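The structure file protein-v8.txt is reproduced below (compact mmCIF, C-alpha atoms).
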# COMPACT_ATOMS: atom_id res chain seq x y z
CA VAL A 130 -17.90 1.08 13.18
CA LEU A 131 -20.19 -1.90 12.54
CA THR A 132 -19.46 -5.62 12.87
CA HIS A 133 -21.09 -8.82 11.62
CA LYS A 134 -20.37 -12.17 13.25
CA PRO A 135 -22.24 -15.04 11.57
CA LYS A 136 -24.31 -17.33 13.74
CA GLY A 137 -22.63 -20.68 14.10
CA GLY A 138 -19.18 -19.25 13.55
CA ALA A 139 -17.39 -17.51 10.72
CA LYS A 140 -15.86 -19.21 7.70
CA GLY A 141 -12.87 -18.02 5.71
CA ARG A 142 -10.91 -14.84 6.27
CA SER A 143 -12.18 -11.87 8.24
CA VAL A 144 -12.66 -8.69 6.21
CA CYS A 145 -12.75 -5.02 7.21
CA LEU A 146 -14.34 -2.51 4.82
CA VAL A 147 -13.11 1.08 5.17
CA GLY A 148 -14.96 3.84 3.30
CA LYS A 149 -14.11 7.48 2.63
CA GLY A 150 -17.13 9.61 3.51
CA ILE A 151 -16.38 13.27 2.83
CA VAL A 152 -19.98 14.47 2.78
CA PHE A 153 -18.96 17.62 0.91
CA ASP A 154 -15.53 18.66 -0.28
CA THR A 155 -14.81 22.34 -0.85
CA GLY A 156 -11.08 21.66 -0.86
CA GLY A 157 -10.76 23.43 2.48
CA LEU A 158 -8.28 26.31 2.51
CA SER A 159 -6.85 24.85 -0.72
CA LEU A 160 -10.21 25.90 -2.14
CA LYS A 161 -11.54 24.38 -5.34
CA ILE A 162 -11.72 27.49 -7.52
CA SER A 163 -11.70 25.98 -11.01
CA GLY A 164 -15.37 25.01 -11.06
CA SER A 165 -14.65 21.51 -9.78
CA MET A 166 -16.56 21.99 -6.51
CA CYS A 167 -19.93 21.19 -8.06
CA GLY A 168 -20.57 17.49 -7.70
CA MET A 169 -18.55 17.14 -4.52
CA LYS A 170 -21.66 15.83 -2.77
CA ALA A 171 -20.46 12.55 -4.31
CA ASP A 172 -17.19 12.54 -2.36
CA MET A 173 -18.81 10.15 0.09
CA GLY A 174 -19.27 7.51 -2.61
CA GLY A 175 -16.76 5.14 -1.04
CA ALA A 176 -18.48 5.15 2.35
CA ALA A 177 -21.92 4.88 0.74
CA GLY A 178 -20.82 1.87 -1.30
CA MET A 179 -19.20 0.19 1.70
CA LEU A 180 -22.26 0.73 3.92
CA SER A 181 -24.63 -0.63 1.27
CA ALA A 182 -22.36 -3.61 0.58
CA PHE A 183 -22.09 -4.39 4.30
CA ASP A 184 -25.87 -4.18 4.72
CA ALA A 185 -26.51 -6.38 1.69
CA ALA A 186 -23.85 -8.93 2.71
CA VAL A 187 -25.43 -9.33 6.15
CA GLU A 188 -28.90 -9.69 4.60
CA LEU A 189 -27.55 -12.35 2.24
CA GLY A 190 -26.08 -14.32 5.15
CA CYS A 191 -22.40 -13.61 4.58
CA GLU A 192 -20.39 -16.36 6.28
CA SER A 193 -17.29 -14.21 6.85
CA GLU A 194 -16.66 -12.10 9.91
CA LEU A 195 -17.18 -8.61 8.54
CA SER A 196 -16.37 -5.16 9.91
CA LEU A 197 -17.19 -1.72 8.55
CA VAL A 198 -15.34 1.52 9.29
CA LEU A 199 -16.88 4.70 7.89
CA CYS A 200 -14.56 7.73 7.80
CA LEU A 201 -17.02 10.63 7.84
CA ALA A 202 -16.16 14.33 7.70
CA GLU A 203 -16.76 17.55 5.80
CA ASN A 204 -13.89 19.41 4.16
CA ALA A 205 -14.78 23.06 4.61
CA ILE A 206 -13.34 26.39 5.72
CA GLY A 207 -13.73 27.31 9.38
CA PRO A 208 -11.78 28.24 12.51
CA LYS A 209 -10.85 24.59 13.12
CA ALA A 210 -9.98 23.76 9.52
CA LEU A 211 -6.57 22.32 8.72
CA ARG A 212 -4.06 24.75 7.24
CA ASN A 213 -1.22 24.11 4.86
CA ASP A 214 1.98 23.77 6.96
CA ASP A 215 0.08 22.16 9.84
CA VAL A 216 1.61 18.95 11.18
CA ILE A 217 -0.81 16.34 12.52
CA LYS A 218 -0.32 12.99 14.22
CA CYS A 219 -2.40 10.18 12.79
CA PHE A 220 -3.85 7.17 14.62
CA SER A 221 -1.07 5.07 13.12
CA GLY A 222 1.44 7.18 15.07
CA LEU A 223 2.90 8.73 11.91
CA THR A 224 3.09 12.51 11.56
CA VAL A 225 1.90 14.25 8.40
CA GLU A 226 2.76 17.73 7.13
CA ILE A 227 -0.24 19.22 5.35
CA ASN A 228 0.75 20.72 2.01
CA ASN A 229 -2.67 20.46 0.36
CA THR A 230 -5.91 20.56 2.34
CA ASP A 231 -7.70 19.24 -0.75
CA ALA A 232 -5.91 15.90 -0.28
CA GLU A 233 -8.11 15.18 2.71
CA GLY A 234 -9.59 11.80 1.83
CA ARG A 235 -6.31 9.97 2.37
CA LEU A 236 -6.06 11.50 5.86
CA VAL A 237 -9.39 10.08 7.05
CA LEU A 238 -8.66 6.75 5.36
CA ALA A 239 -5.24 6.62 7.01
CA ASP A 240 -6.96 6.63 10.39
CA GLY A 241 -9.58 4.18 9.13
CA VAL A 242 -7.12 1.52 8.00
CA ALA A 243 -5.01 2.05 11.12
CA HIS A 244 -8.12 1.33 13.21
CA ALA A 245 -8.75 -1.79 11.13
CA VAL A 246 -5.22 -3.03 11.86
CA LYS A 247 -4.75 -1.97 15.48
CA VAL A 248 -8.26 -2.55 16.85
CA ILE A 249 -10.18 -4.90 14.56
CA LYS A 250 -7.23 -6.96 13.25
CA SER A 251 -8.90 -8.35 10.13
CA ASP A 252 -7.21 -10.71 7.68
CA LEU A 253 -8.10 -8.47 4.71
CA VAL A 254 -8.48 -4.68 4.81
CA VAL A 255 -10.34 -3.13 1.87
CA ASP A 256 -10.61 0.63 1.50
CA MET A 257 -12.71 2.34 -1.15
CA ALA A 258 -12.79 6.02 -2.05
CA THR A 259 -13.40 8.70 -4.62
CA LEU A 260 -9.77 9.50 -3.95
CA THR A 261 -8.10 11.09 -6.98
CA GLY A 262 -9.18 12.79 -10.17
CA ALA A 263 -6.07 11.23 -11.66
CA GLN A 264 -7.76 7.82 -11.40
CA LEU A 265 -9.85 8.75 -14.45
CA ILE A 266 -6.64 9.29 -16.40
CA THR A 267 -5.10 6.09 -15.06
CA THR A 268 -7.94 3.58 -15.57
CA GLY A 269 -10.79 5.56 -17.12
CA LYS A 270 -14.40 6.37 -16.25
CA LYS A 271 -15.73 2.81 -16.19
CA HIS A 272 -12.96 0.98 -14.32
CA ALA A 273 -11.93 1.75 -10.76
CA GLY A 274 -8.20 1.60 -10.10
CA ILE A 275 -7.01 -0.97 -7.58
CA LEU A 276 -3.79 -1.19 -5.59
CA THR A 277 -2.89 -4.13 -3.38
CA ASN A 278 0.03 -5.78 -1.62
CA SER A 279 -1.21 -9.21 -2.73
CA GLU A 280 -1.11 -10.65 -6.24
CA GLY A 281 -3.80 -13.11 -5.22
CA VAL A 282 -6.15 -10.36 -4.02
CA GLU A 283 -5.47 -8.40 -7.21
CA LYS A 284 -6.61 -11.35 -9.31
CA GLU A 285 -9.63 -11.89 -7.04
CA ALA A 286 -10.65 -8.25 -7.41
CA VAL A 287 -10.37 -8.28 -11.21
CA LYS A 288 -12.49 -11.45 -11.38
CA ALA A 289 -15.02 -9.97 -8.94
CA GLY A 290 -15.27 -6.91 -11.17
CA LEU A 291 -15.92 -9.02 -14.26
CA ARG A 292 -18.55 -11.12 -12.45
CA SER A 293 -20.37 -8.12 -10.98
CA GLY A 294 -20.01 -5.54 -13.76
CA ASP A 295 -18.27 -3.13 -11.36
CA LEU A 296 -15.05 -3.21 -13.34
CA VAL A 297 -11.56 -2.67 -11.89
CA TYR A 298 -8.05 -2.53 -13.30
CA PRO A 299 -4.71 -2.75 -11.43
CA MET A 300 -2.58 0.36 -10.95
CA LEU A 301 1.19 0.50 -10.57
CA TYR A 302 2.29 -0.95 -7.22
CA CYS A 303 5.80 0.29 -6.41
CA PRO A 304 6.05 1.88 -2.94
CA GLU A 305 9.86 1.74 -2.91
CA LEU A 306 10.05 4.11 -5.89
CA LEU A 307 7.07 6.34 -5.08
CA LYS A 308 7.46 6.96 -1.34
CA ASP A 309 9.80 9.92 -1.88
CA GLU A 310 6.91 11.87 -3.40
CA PHE A 311 5.78 12.54 0.18
CA SER A 312 9.15 13.50 1.66
CA SER A 313 8.97 16.08 4.45
CA LYS A 314 11.65 17.82 6.51
CA VAL A 315 9.38 18.30 9.53
CA ALA A 316 7.20 15.14 9.60
CA ASP A 317 7.18 11.52 8.55
CA MET A 318 5.51 12.54 5.29
CA LYS A 319 3.52 15.19 3.47
CA ASN A 320 -0.05 14.48 2.43
CA SER A 321 0.30 15.40 -1.24
CA VAL A 322 2.85 14.52 -3.91
CA LYS A 323 5.56 16.86 -5.14
CA ASP A 324 5.28 15.63 -8.75
CA ARG A 325 1.71 15.19 -10.02
CA MET A 326 3.02 13.51 -13.18
CA ASN A 327 4.47 10.53 -11.30
CA ALA A 328 1.77 7.85 -10.87
CA GLN A 329 -0.31 10.16 -8.72
CA SER A 330 -3.17 7.71 -8.02
CA SER A 331 -0.74 4.97 -7.00
CA CYS A 332 1.03 7.43 -4.71
CA ALA A 333 -2.25 8.29 -2.99
CA GLY A 334 -2.91 4.62 -2.38
CA HIS A 335 0.60 4.08 -1.02
CA PHE A 336 0.04 6.99 1.39
CA ILE A 337 -2.89 5.05 2.85
CA GLU A 338 -0.90 1.82 2.84
CA SER A 339 1.89 3.38 4.90
CA HIS A 340 -0.57 3.80 7.79
CA LEU A 341 -1.15 0.05 7.98
CA GLY A 342 2.20 -0.04 9.79
CA LYS A 343 5.55 -1.63 9.01
CA SER A 344 4.63 -4.82 10.84
CA PHE A 345 1.42 -5.35 8.84
CA SER A 346 1.61 -8.76 7.17
CA ASN A 347 -1.99 -9.36 6.14
CA GLU A 348 -3.68 -8.43 2.87
CA TRP A 349 -4.81 -4.97 1.79
CA LEU A 350 -6.83 -3.76 -1.19
CA HIS A 351 -7.35 -0.12 -2.18
CA ILE A 352 -10.14 0.83 -4.62
CA ASP A 353 -10.08 4.32 -6.17
CA MET A 354 -13.51 4.68 -7.78
CA ALA A 355 -13.63 8.40 -8.54
CA GLY A 356 -14.55 7.80 -12.19
CA PRO A 357 -17.29 5.16 -12.06
CA SER A 358 -18.93 6.53 -8.87
CA PHE A 359 -20.74 9.48 -10.46
CA LEU A 360 -22.65 10.03 -13.70
CA GLU A 361 -24.70 13.05 -14.80
CA ASP A 362 -25.00 14.56 -11.31
CA ARG A 363 -26.00 11.30 -9.65
CA GLY A 364 -24.22 8.52 -7.80
CA THR A 365 -24.07 5.23 -9.67
CA GLY A 366 -23.96 2.86 -6.70
CA TYR A 367 -20.60 1.59 -7.89
CA GLY A 368 -18.83 -0.79 -5.57
CA VAL A 369 -21.75 -2.60 -3.94
CA ALA A 370 -21.84 -5.49 -6.42
CA LEU A 371 -18.03 -5.54 -6.61
CA LEU A 372 -17.69 -6.02 -2.86
CA LEU A 373 -20.48 -8.60 -2.68
CA SER A 374 -18.70 -10.54 -5.40
CA LEU A 375 -15.36 -10.20 -3.60
CA LEU A 376 -17.01 -11.47 -0.41
CA LYS A 377 -18.67 -14.30 -2.40
CA ALA A 378 -22.05 -13.38 -0.99
CA LYS A 379 -25.02 -15.53 -1.98
CA GLY A 380 -25.84 -14.93 -5.63
CA PHE A 381 -22.49 -13.21 -6.28
CA GLU A 382 -20.17 -16.22 -6.17
The structure in this file should be written as structure tokens.
Amino acid sequence: VLTHKPKGGAKGRSVCLVGKGIVFDTGGLSLKISGSMCGMKADMGGAAGMLSAFDAAVELGCESELSLVLCLAENAIGPKALRNDDVIKCFSGLTVEINNTDAEGRLVLADGVAHAVKVIKSDLVVDMATLTGAQLITTGKKHAGILTNSEGVEKEAVKAGLRSGDLVYPMLYCPELLKDEFSSKVADMKNSVKDRMNAQSSCAGHFIESHLGKSFSNEWLHIDMAGPSFLEDRGTGYGVALLLSLLKAKGFE
């Protein structure tokens, strides 16, 4: 966790950046066996983008109070690895039944956004992640998919994408119709959907959103950048310019 408090006092809303940093993703016990494991060194693209954006924003004299939460882990097989059918309690207080250990990114982000709400208490929480392969189907390889509880933030994010070249496009926001995808008989929710053909990327974002807590009344933005984060075996640096533009850092207004 890193924080930036501008000298002379902060201006505007406080922002917390939360990044998924799975440094390598084997899928865990739900092992990636279809050849999709190669390239999973890029599953920390969200955290890398958030860290670089935070560093650049501070260097550029960002006038907002800024916090950074990096959710770092490795998803591998070992004696302490999560198993399908495990039930865990998250920092939010919600319990989660594991039905797919390869849906791990949302678990670390759930704790990250809960920390942002309960400890840091920022006005705007932004999480960014290489979260779902389905994002490429939803918004393509060049546009990240965004999900937010605020129409104003949605418009800000789209404009920030157009200014910066890190393009985004809104995904379906409908928690009241999608929450049942995570229904569990032994916990508050499962960690993976029962129907992969039902707005899967939106569902993953809503899973994270649920850990903000029922009393959360501030703004939240989720950025699924699985598609634009990686090109020809290398990370693209996607997200840095987008976030600097969203923060209205010097030169990115």
Give me, as CSV, the closest atom pair and its distance (Å, one decimal) for every residue of segment 270-311 of chain A within a cut-off of 9 Å of segment 342-348 of chain A, counting all atoms listed in the file, rows sorted by chain and rising number.
residue,atom,partner,partner_atom,distance
A:Thr277,CA,A:Glu348,CA,7.6
A:Asn278,CA,A:Glu348,CA,6.4
A:Ser279,CA,A:Glu348,CA,6.2
A:Val282,CA,A:Glu348,CA,7.6
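Residues within 9 Å of segment 296-300 of chain A, counting only C-alpha atoms and excluding same-chain residues fewer than 2 positions away, are A:Thr267, A:Thr268, A:Lys271, A:His272, A:Ala273, A:Gly274, A:Ile275, A:Leu276, A:Thr277, A:Glu283, A:Ala286, A:Val287, A:Lys288, A:Ala289, A:Gly290, A:Leu291, A:Arg292, A:Ser293, A:Gly294, A:Tyr302, A:Ala328, A:Ser330, A:Ser331, A:Ile352, A:Met354, A:Pro357, A:Gly368, A:Leu371.
Between atom CA of Ser374 of chain A and atom CA of Leu238 of chain A the separation is 22.7 Å.
Near Phe336 of chain A, within a cut-off of 8 Å and counting all atoms listed in the file, sit the residues Arg235, Ala239, Lys308, Asn320, Cys332, Ala333, Ser339 and His340 of chain A, with same-chain residues fewer than 3 positions away left out.
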Original post:
Residues at most 9 Å from Ala258 of chain A, counting all atoms listed in the file, excluding those fewer than 5 positions away in the same chain, as an MDAnalysis selection string?
Top reply: chainID A and resid 147:150 172:176 234:235 238 351:355
**OP:** Identify which of the residues A:Met257, A:Leu360, A:Leu265, A:Leu131 lies closest to Val187 of chain A, counting all atoms listed in the file when measuring atom-to-atom distances.
**Re:** A:Leu131
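Atom pair atom CA of Ala139 of chain A / atom CA of Ser193 of chain A has a distance of 5.1 Å (rounded to one decimal).
Taking atom CA of Glu338 of chain A and atom CA of Met318 of chain A as the two end points, the separation is 12.7 Å.
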**OP:** List every protein, DNA or RNA residue that has an atom no more than 9 Å from (1.2, 22.6, 6.5) in the file's coordinate frame, counting only C-alpha atoms, and report them as a list in words.
**Re:** Leu211, Arg212, Asn213, Asp214, Asp215, Val216, Ile217, Val225, Glu226, Ile227, Asn228, Asn229, Thr230 and Lys319 of chain A
**OP:** Do a neighbour search on Leu236 of chain A at 8 Å with only C-alpha atoms, toss out local chain neighbours closer than 4 positions, and write the hits as a VMD selection string.
**Re:** chain A and resid 219 232 240 320 337
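Comparing A:Glu194, A:Asp324, A:Asp362, A:Glu382 by their smallest distance to Asp252 of chain A, the closest is A:Glu194 (using all atoms listed in the file).
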Original post:
From the list A:Asn327, A:Ser312, A:Gln264, A:Ser358, which residue is nearest Met169 of chain A when using all atoms listed in the file?
Top reply: A:Ser358
Original post:
Near Ser181 of chain A, counting all atoms listed in the file, which residues have an atom at most 12 Å away, once you skip same-chain residues fewer than 2 positions from it, shown as JSON, numbers by chain?
Top reply: {"A": [146, 148, 174, 175, 176, 177, 178, 179, 183, 184, 185, 186, 187, 188, 197, 199, 366, 367, 368, 369, 370, 371, 372, 373]}
Regenerate segment 315-326 of chain A at the level of all heavy atoms and dump it as a tab-separated table (two decimals), in the frame of the given file.
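Output (selection-v2.tsv):
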chain	number	residue	atom	x	y	z
A	315	VAL	N	9.88	18.04	8.17
A	315	VAL	CA	9.38	18.30	9.53
A	315	VAL	C	8.42	17.22	10.03
A	315	VAL	O	7.94	17.30	11.16
A	315	VAL	CB	8.67	19.68	9.59
A	315	VAL	CG1	9.66	20.79	9.30
A	315	VAL	CG2	7.49	19.74	8.64
A	316	ALA	N	8.12	16.20	9.21
A	316	ALA	CA	7.20	15.14	9.60
A	316	ALA	C	7.60	13.85	8.90
A	316	ALA	O	8.53	13.82	8.10
A	316	ALA	CB	5.77	15.54	9.24
A	317	ASP	N	6.89	12.79	9.21
A	317	ASP	CA	7.18	11.52	8.55
A	317	ASP	C	6.87	11.59	7.05
A	317	ASP	O	7.49	10.88	6.26
A	317	ASP	CB	6.36	10.39	9.19
A	317	ASP	CG	6.81	10.08	10.61
A	317	ASP	OD1	8.04	9.94	10.81
A	317	ASP	OD2	5.96	9.99	11.50
A	318	MET	N	5.91	12.41	6.70
A	318	MET	CA	5.51	12.54	5.29
A	318	MET	C	4.63	13.76	5.10
A	318	MET	O	4.10	14.32	6.06
A	318	MET	CB	4.72	11.29	4.86
A	318	MET	CG	3.42	11.10	5.61
A	318	MET	SD	2.63	9.53	5.27
A	318	MET	CE	3.76	8.43	6.13
A	319	LYS	N	4.53	14.20	3.85
A	319	LYS	CA	3.52	15.19	3.47
A	319	LYS	C	2.27	14.44	3.01
A	319	LYS	O	2.30	13.23	2.82
A	319	LYS	CB	4.05	16.10	2.36
A	319	LYS	CG	5.18	17.00	2.80
A	319	LYS	CD	5.62	17.94	1.68
A	319	LYS	CE	6.74	18.88	2.16
A	319	LYS	NZ	7.19	19.80	1.09
A	320	ASN	N	1.18	15.17	2.84
A	320	ASN	CA	-0.05	14.48	2.43
A	320	ASN	C	-0.33	14.57	0.94
A	320	ASN	O	-1.28	13.96	0.45
A	320	ASN	CB	-1.26	15.00	3.22
A	320	ASN	CG	-1.76	16.36	2.75
A	320	ASN	OD1	-0.96	17.28	2.55
A	320	ASN	ND2	-3.07	16.49	2.57
A	321	SER	N	0.51	15.29	0.20
A	321	SER	CA	0.30	15.40	-1.24
A	321	SER	C	1.64	15.31	-1.96
A	321	SER	O	2.68	15.71	-1.42
A	321	SER	CB	-0.40	16.72	-1.60
A	321	SER	OG	-0.77	16.75	-2.96
A	322	VAL	N	1.61	14.78	-3.17
A	322	VAL	CA	2.85	14.52	-3.91
A	322	VAL	C	3.53	15.81	-4.37
A	322	VAL	O	2.88	16.83	-4.54
A	322	VAL	CB	2.56	13.64	-5.15
A	322	VAL	CG1	2.09	12.27	-4.72
A	322	VAL	CG2	1.54	14.29	-6.08
A	323	LYS	N	4.84	15.71	-4.60
A	323	LYS	CA	5.56	16.86	-5.14
A	323	LYS	C	5.53	16.88	-6.66
A	323	LYS	O	5.68	17.94	-7.28
A	323	LYS	CB	7.00	16.87	-4.64
A	323	LYS	CG	7.83	15.64	-4.98
A	323	LYS	CD	9.22	15.72	-4.35
A	323	LYS	CE	10.04	14.47	-4.62
A	323	LYS	NZ	11.36	14.51	-3.96
A	324	ASP	N	5.31	15.72	-7.29
A	324	ASP	CA	5.28	15.63	-8.75
A	324	ASP	C	3.98	14.96	-9.17
A	324	ASP	O	3.84	13.73	-9.06
A	324	ASP	CB	6.49	14.84	-9.26
A	324	ASP	CG	6.54	14.77	-10.78
A	324	ASP	OD1	5.62	15.28	-11.45
A	324	ASP	OD2	7.52	14.18	-11.30
A	325	ARG	N	3.02	15.72	-9.66
A	325	ARG	CA	1.71	15.19	-10.02
A	325	ARG	C	1.74	14.35	-11.30
A	325	ARG	O	0.73	13.76	-11.68
A	325	ARG	CB	0.70	16.34	-10.15
A	325	ARG	CG	0.53	17.13	-8.85
A	325	ARG	CD	-0.40	18.32	-9.04
A	325	ARG	NE	-1.78	17.93	-9.18
A	325	ARG	CZ	-2.61	17.73	-8.16
A	325	ARG	NH1	-2.17	17.84	-6.91
A	325	ARG	NH2	-3.87	17.39	-8.37
A	326	MET	N	2.88	14.29	-11.95
A	326	MET	CA	3.02	13.51	-13.18
A	326	MET	C	3.66	12.14	-12.92
A	326	MET	O	4.05	11.44	-13.86
A	326	MET	CB	3.86	14.29	-14.20
A	326	MET	CG	3.26	15.63	-14.62
A	326	MET	SD	1.66	15.46	-15.43
A	326	MET	CE	2.18	14.74	-16.99
